[in-house]
Every structure is written in C-alpha cells, then in structure tokens.
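Trainee: Pasting in a structure now, in structure tokens, and then I'll have a few things to ask.
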Amino acid sequence: MNTRERFHAIMQFEPFDRLPIIEWAGWWDETLGRWYREGLPLYITDRYEICEYFGLDTYRQDWLPVCSPACPEPSAHGAGILGSETEYERVREFLYPEDSVDPATWTRWAAEQERGDSVLWFTVDGMFWFPRRLLGIERHFYAFYDRPQLIHRINADLTEWILDVIDRVCSVCTPDFMTFAEDLSYNHGAMLSKDLFDEFIRPYYAVIVPHLKKHGILTMVDSDGEISEPAGWFGGVGVEGMLPLERQSGVDVGTLRERHPKMRFIGHYDKMVMGAGEEAMRAEFERLLPTAGQGGFLPACDHQTPPGVSFRDYRTYLDLFREYAVRAGELSCTGCP
C-alpha cells in the first residue's frame with residue numbers, strides 16, 4: 001500500500017498492511033532545541049524535512065488563516081481584540097481573506113497526492129475557537145449570555161468563509177481529510193453545556209459538514225481535553241472523527257470506540273510516557289493495539305512531543321511504533337482471504 005491508500009483503508013475500516021507513522025502536530029520548539037543539541041542535524045528545520053529525516057509518512061497540513069496579516073493582535077494570550085458588534089464591524093475588514101488558499105502550494109501537493117505519496121488535510125478555525133480568539137477567553141463565555149447575537153454573527157460569517165475556502169481548495173484537488181480547530185474541552189470536560197452547543201455551534205456545522213461530505217472529505221474535530229461527551233455532540237451533526245484524545249485528561253479510545261463504533265480517531269498515545277523508557281513506551285502501544293487493529297484509528301502522540309523526551313527516547317519510540325504498526329496491520333487482516 002502507498003501512503004494514501006493506507007490512510008483510506010484504515011479510515012474505511014478495511015484491512016491494511018501497517019499503521020502510518022505520523023506526527024500530526026509537529027514538535028515543540030523546546031523539544032527540537034534539545035534534539036539539535038543531542039544529534040538532530042542543525043540544517044533540518046522544516047517540519048516535513050524533519051518528518052523525512054525520521055522516516056515518517058508524509059501528511060501535509062494547511063491551516064487556512066481566517067485573519068489577514070494586518071489584523072490587530074491581542075495585548076496578551078487569551079485577551080481578544082474586540083468586545084462588541086461595533087468593534088467587530090471595525091475589525092471585520094481584516095477577517096475572512098479571499099487569498100487564504102494558495103493554489104500553487106495545493107497544486108504542488110496534489111501531484112504528490114495523485115502518486116499516493118502523501119495525505120493532504122486542511123484546518124479551519126471552528127465555531128467555539130474563532131469567537132474566543134476575537135473576544136478573548138472571559139468575554140467569550142459571557143457573550144453566550146450577554147451578546148448572543150454577536151456570536152451568531154461571527155459564526156455565520158465564518159461559515160460563509162469556510163464554505164468558500166472548501167470550494168477553493170477542491171478546485172485544485174480533494175483533500176483526504178480536514179479538521180476544525182475547537183479546543184472546547186479542558187481536563188475535566190466541555191467548557192460549555194450541550195444546550196449552548198446546540199444553540200451556537202451545531203447550526204453552523206449542520207451547514208458545513210454536508211458540504212464537506214459532498215466533496216468526499218473526511219470531517220474531524222481537533223479539541224484538547226476530555227472530549228468523551230462532546231464527541232457525541234459532534235457525531236450527532238455528522239462529524240466523523242476526533243483528535244488528539246489526550247490521555248492525561250482521562251480519555252480512553254476503547255470506551256469511545258464502544259460508544260461510537262464508526263468514529264475515526266487520531267492521536268491518543270500518552271506523551272507523558274515517551275521519556276519514561278522502553279518498557280513504559282511498549283506498554284502504551286500494547287494498550288492501543290486492540291483498537292488500532294480494528295481500523296479507524298491512527299495512533300500518534302496525543303499532542304506535541306514534550307521537551308522531556310530525549311533524541312534517543314524519540315528514536316526508541318519510533319522503533320516501537322514501527323513494530324506495532326505492523327502488528328496492527330496483522331490484526332486488521334485476521335480472517336482475510
């Protein structure tokens with residue numbers, strides 16, 4: 001199987017030869033800084049060149065910017081840049097740019113995809129994430145009650161822009177999957193109720209998801225934290241997968257698979273064991289193996305590899321990953337003719 005065939009076989013719950021060896025989110029700067037001191041060649045700095053150095057499969061991501069470079073910046077992380085509809089009107093000229101999709105990049109990537117050498121995906125800001133970026137964390141939560149019309153206005157505009165960028169990307173090629181950046185959970189669960197989800201988020205997904213499916217694009221949501229309950233909310237509006245399933249938040253992929261048999265998952269390998277030695281790393285792969293062998297699941301670090309993981313640790317992790325990738329493929333083929 002080539003890279004693209006393998007992805008689609010797994011995501012369609014069909015037999016596959018091995019799991020892909022991937023890093024869906026890249027690496028922290030602090031992690032790479034350590035690795036450069038410990039043996040990673042200094043001239044290798046590009047994300048995909050690093051993937052090639054480690055022998056990872058090529059999964060190319062384009063996070064399509066919803067803010068232009070001239071957009072005002074918040075004064076601090078989580079501070080936001082506006083607090084009213086009047087301010088939104090002033091800022092709106094810097095939002096929803098028409099040039100977010102670079103046709104030249106996608107044309108170059110499409111040639112790789114056509115050969116089966118890469119899997120392509122794009123990311124857009126979601127209906128929880130983007131209003132929070134604009135309003136700031138605290139104002140965003142109050143706005144569900146104090147300025148509901150503003151959140152609806154932002155999400156209606158965002159939806160129109162997302163529909164347009166989907167068509168722009170698909171005019172070049174069809175991505176293999178996409179993600180909505182949401183991060184609407186923390187380590188104990190969702191940061192909003194299902195009632196608020198149904199009022200402010202569901203209606204916009206109900207417009208976008210069918211458009212993605214019309215193009216044949218697998219639809220996934222990227223949310224950190226404990227997403228076991230919200231996974232069902234998103235599944236109810238047609239979303240087909242979740243990532244990264246952070247283990248330190250108590251997420252369990254086996255439980256999610258029981259609740260949502262056809263939902264796809266990416267991530268879930270506990271990053272906190274990656275610096276704890278080979279035995280701990282192997283035990284984590286053993287935990288994931290039964291679900292990985294069922295298909296619909298691409299194990300990977302459940303967020304970015306932390307700087308506590310040495311260069312040597314990471315090489316050990318990849319050696320084990322390759323071993324278990326083949327074992328999962330063998331499980332998927334059990335009973336095959």
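A note on labels: chains of the structure tokens are A, B, ... as shown, every chain counts residues from 1, and ligands are counted from 1 in their shown order.
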Considering only C-alpha atoms, return as a PDB file with C-alpha atoms, in the first residue's frame whatever protein or nucleic-acid residues lie within 7 Å of Thr123 (chain A), sequence-local ones (same chain, fewer than 2 positions apart) excluded.

Mentor:
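Wrote it out as selection_20.pdb, contents follow:
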```
ATOM      1  CA  ASP A  62      -2.590  23.689   5.568  1.00  0.00           C
ATOM      2  CA  TRP A  63      -4.129  25.747   8.391  1.00  0.00           C
ATOM      3  CA  LEU A  64      -6.124  28.266   6.386  1.00  0.00           C
ATOM      4  CA  TRP A 121      -5.524  17.874   5.020  1.00  0.00           C
ATOM      5  CA  ASP A 125     -10.992  27.717  12.970  1.00  0.00           C
ATOM      6  CA  MET A 178      -9.871  18.144   7.382  1.00  0.00           C
ATOM      7  CA  THR A 179     -10.063  19.351  10.974  1.00  0.00           C
ATOM      8  CA  PHE A 180     -11.985  22.062  12.765  1.00  0.00           C
ATOM      9  CA  ALA A 181      -9.832  23.634  15.480  1.00  0.00           C
TER      10      ALA A 181
END
```

Trainee: If you run DSSP on the backbone, which residues of region 47-157 of chain A are alpha helix (DSSP H), as number ranges by chain?

Mentor: A: 47-54, 85-91, 103-115, 129-135, 137-146, 148-157

Trainee: Pick from A:Met272, A:Leu218, A:Leu289, A:Val169: nearest to Asp102 (chain A), with only C-alpha atoms counted?

Mentor: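 Ranked by minimum distance to Asp102 (chain A), first place goes to A:Val169.
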
Trainee: Can you tell me, as a ChimeraX atom specification, which residues in region 217-332 of chain A count as strand (DSSP E) by DSSP?

Mentor: /A:218-222,241-243,264-269,297-301

Trainee: Got a sec: who's within 10 Å of Asp157 (chain A), counting only C-alpha atoms, leaving out chain neighbours fewer than 6 positions off, as a PyMOL selection string?

Mentor: chain A and resi 92+95-96+151

Trainee: Selected residues, N, CA and C atoms, written as a compact mmCIF listing (two decimals), in the first residue's frame, please.

Mentor:
```
# COMPACT_ATOMS: atom_id res chain seq x y z
N ARG A 92 -13.68 43.71 11.06
CA ARG A 92 -14.09 42.72 10.06
C ARG A 92 -13.31 42.83 8.75
N LEU A 95 -10.66 40.30 8.48
CA LEU A 95 -11.06 38.91 8.64
C LEU A 95 -11.55 38.33 7.32
N TYR A 96 -11.57 36.98 7.25
CA TYR A 96 -12.13 36.24 6.12
C TYR A 96 -11.47 36.61 4.79
N ILE A 151 -22.11 36.42 18.75
CA ILE A 151 -21.54 35.10 18.45
C ILE A 151 -22.19 34.52 17.20
```

Trainee: Just to confirm, what's the straight-line distance from CA of Glu112 (chain A) to CA of Gly216 (chain A) in Å (one decimal)?

Mentor: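 For CA of Glu112 (chain A) relative to CA of Gly216 (chain A), the distance reads 18.6 Å.
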
Trainee: Quick one: pull the distance between CA of Cys333 (chain A) and CA of Pro15 (chain A), Å, one decimal.

Mentor: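 Calculated distance between CA of Cys333 (chain A) and CA of Pro15 (chain A) is 5.1 Å.
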
Trainee: So, with only C-alpha atoms as the atoms that count, which of A:Leu192, A:Gly33, A:Arg90, A:Ile21 lies closest to Gly55 (chain A)?

Mentor: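 When distances to Gly55 (chain A) are compared using only C-alpha atoms, the smallest one comes from A:Ile21.
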
Trainee: Rank A:Ile22, A:Val273, A:Ala300, A:Met127 by their smallest atom-to-atom distance to Tyr205 (chain A), using only C-alpha atoms, and report the top residue only.

Mentor: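 Of the candidates, the smallest distance to Tyr205 (chain A) is held by A:Met127.
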
Trainee: Tell me which protein, DNA and RNA residues are within 12 Å of His215 (chain A), counting only C-alpha atoms, leaving out same-chain ones fewer than 6 positions away, and put them as a PDB file with N, CA and C atoms, in the first residue's frame.

Mentor:
```
ATOM      1  N   LEU A 163     -17.167  27.736   3.720  1.00  0.00           N
ATOM      2  CA  LEU A 163     -17.752  27.140   2.519  1.00  0.00           C
ATOM      3  C   LEU A 163     -16.981  27.572   1.271  1.00  0.00           C
ATOM      4  N   ILE A 166     -13.444  25.857   1.177  1.00  0.00           N
ATOM      5  CA  ILE A 166     -13.574  24.453   0.784  1.00  0.00           C
ATOM      6  C   ILE A 166     -13.625  24.344  -0.737  1.00  0.00           C
ATOM      7  N   ASP A 167     -14.434  25.164  -1.348  1.00  0.00           N
ATOM      8  CA  ASP A 167     -14.550  25.130  -2.811  1.00  0.00           C
ATOM      9  C   ASP A 167     -13.246  25.534  -3.481  1.00  0.00           C
ATOM     10  N   ARG A 168     -12.533  26.496  -2.899  1.00  0.00           N
ATOM     11  CA  ARG A 168     -11.258  26.937  -3.486  1.00  0.00           C
ATOM     12  C   ARG A 168     -10.219  25.809  -3.431  1.00  0.00           C
ATOM     13  N   VAL A 169     -10.131  25.128  -2.290  1.00  0.00           N
ATOM     14  CA  VAL A 169      -9.192  24.007  -2.197  1.00  0.00           C
ATOM     15  C   VAL A 169      -9.587  22.909  -3.170  1.00  0.00           C
ATOM     16  N   CYS A 170     -10.866  22.581  -3.207  1.00  0.00           N
ATOM     17  CA  CYS A 170     -11.332  21.471  -4.037  1.00  0.00           C
ATOM     18  C   CYS A 170     -11.286  21.783  -5.528  1.00  0.00           C
ATOM     19  N   SER A 171     -11.101  23.048  -5.884  1.00  0.00           N
ATOM     20  CA  SER A 171     -10.900  23.375  -7.296  1.00  0.00           C
ATOM     21  C   SER A 171      -9.537  22.896  -7.780  1.00  0.00           C
ATOM     22  N   CYS A 173      -7.685  20.100  -5.806  1.00  0.00           N
ATOM     23  CA  CYS A 173      -7.725  18.664  -5.528  1.00  0.00           C
ATOM     24  C   CYS A 173      -8.631  18.435  -4.330  1.00  0.00           C
ATOM     25  N   THR A 174      -8.949  17.188  -4.066  1.00  0.00           N
ATOM     26  CA  THR A 174      -9.788  16.855  -2.921  1.00  0.00           C
ATOM     27  C   THR A 174      -8.913  16.421  -1.755  1.00  0.00           C
ATOM     28  N   PRO A 175      -8.863  17.194  -0.669  1.00  0.00           N
ATOM     29  CA  PRO A 175      -8.084  16.771   0.500  1.00  0.00           C
ATOM     30  C   PRO A 175      -8.622  15.449   1.058  1.00  0.00           C
ATOM     31  N   ASP A 176      -7.755  14.715   1.708  1.00  0.00           N
ATOM     32  CA  ASP A 176      -8.156  13.419   2.259  1.00  0.00           C
ATOM     33  C   ASP A 176      -8.973  13.571   3.537  1.00  0.00           C
ATOM     34  N   PHE A 177      -8.682  14.604   4.317  1.00  0.00           N
ATOM     35  CA  PHE A 177      -9.495  14.898   5.488  1.00  0.00           C
ATOM     36  C   PHE A 177      -9.276  16.342   5.882  1.00  0.00           C
ATOM     37  N   MET A 178     -10.040  16.796   6.858  1.00  0.00           N
ATOM     38  CA  MET A 178      -9.871  18.144   7.382  1.00  0.00           C
ATOM     39  C   MET A 178     -10.167  18.132   8.873  1.00  0.00           C
ATOM     40  N   ILE A 208     -21.968  23.214   7.183  1.00  0.00           N
ATOM     41  CA  ILE A 208     -20.639  22.961   6.613  1.00  0.00           C
ATOM     42  C   ILE A 208     -20.373  21.480   6.378  1.00  0.00           C
ATOM     43  N   VAL A 209     -20.735  20.635   7.336  1.00  0.00           N
ATOM     44  CA  VAL A 209     -20.399  19.208   7.230  1.00  0.00           C
ATOM     45  C   VAL A 209     -20.990  18.571   5.970  1.00  0.00           C
TER      46      VAL A 209
END
```

Trainee: Please indicate the distance in Å from CA of Asp57 (chain A) to CA of Arg247 (chain A), rounded to one decimal place.

Mentor: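 One can read the CA of Asp57 (chain A) to CA of Arg247 (chain A) distance as 23.4 Å.
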
Trainee: Write out as a VMD selection string the residues lying within 12 Å of Cys67 (chain A), counting only C-alpha atoms and excluding same-chain residues fewer than 4 positions away.

Mentor: chain A and resid 63 71 to 73 81 91 to 100 124 to 125 130 133 to 134 158 161

Trainee: Could you write those residues out with C-alpha atoms, as a PDB file, in the first residue's frame?

Mentor:
```pdb
ATOM      1  CA  TRP A  63      -4.129  25.747   8.391  1.00  0.00           C
ATOM      2  CA  CYS A  71      -5.381  42.095  11.789  1.00  0.00           C
ATOM      3  CA  PRO A  72      -4.841  43.648  15.247  1.00  0.00           C
ATOM      4  CA  GLU A  73      -3.122  41.426  17.784  1.00  0.00           C
ATOM      5  CA  ILE A  81      -9.322  42.038  20.203  1.00  0.00           C
ATOM      6  CA  VAL A  91     -12.148  44.652  12.691  1.00  0.00           C
ATOM      7  CA  ARG A  92     -14.087  42.725  10.059  1.00  0.00           C
ATOM      8  CA  GLU A  93     -12.084  44.168   7.151  1.00  0.00           C
ATOM      9  CA  PHE A  94      -9.115  42.172   8.471  1.00  0.00           C
ATOM     10  CA  LEU A  95     -11.064  38.905   8.644  1.00  0.00           C
ATOM     11  CA  TYR A  96     -12.132  36.239   6.122  1.00  0.00           C
ATOM     12  CA  PRO A  97      -9.445  36.941   3.478  1.00  0.00           C
ATOM     13  CA  GLU A  98     -10.051  35.785  -0.069  1.00  0.00           C
ATOM     14  CA  ASP A  99      -6.441  34.651  -0.509  1.00  0.00           C
ATOM     15  CA  SER A 100      -6.257  32.124   2.354  1.00  0.00           C
ATOM     16  CA  VAL A 124     -10.061  25.896   9.781  1.00  0.00           C
ATOM     17  CA  ASP A 125     -10.992  27.717  12.970  1.00  0.00           C
ATOM     18  CA  PHE A 130     -12.792  31.621  16.487  1.00  0.00           C
ATOM     19  CA  ARG A 133      -9.929  34.340  19.533  1.00  0.00           C
ATOM     20  CA  LEU A 134     -11.796  37.536  18.734  1.00  0.00           C
ATOM     21  CA  LEU A 158     -17.159  32.259   9.477  1.00  0.00           C
ATOM     22  CA  TRP A 161     -15.954  31.916   4.533  1.00  0.00           C
TER      23      TRP A 161
END
```

Trainee: Would you mind telling me which residue in A:Ala325, A:Asp183, A:Ala9, A:Phe311 lies nearest to Glu286 (chain A) when using only C-alpha atoms?

Mentor: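 Comparing A:Ala325, A:Asp183, A:Ala9, A:Phe311 against Glu286 (chain A), the winner is A:Ala325.
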
Trainee: Residues within 8 Å of Arg327 (chain A), please, as a ChimeraX atom specification. Count only C-alpha atoms; anything in the same chain fewer than 4 positions from it doesn't count.

Mentor: /A:18,289,293,323,331

Trainee: Neighbours of Glu38 (chain A) within 12 Å (only C-alpha atoms; same-chain residues fewer than 2 positions away dropped), as an MDAnalysis selection string?

Mentor: chainID A and resid 31:36 40:42 309:315

Trainee: My list of candidates is A:Phe297, A:Phe54, A:Tyr317, A:Phe200. Which is closest to Gly275 (chain A) when distances are computed with only C-alpha atoms?

Mentor: A:Tyr317
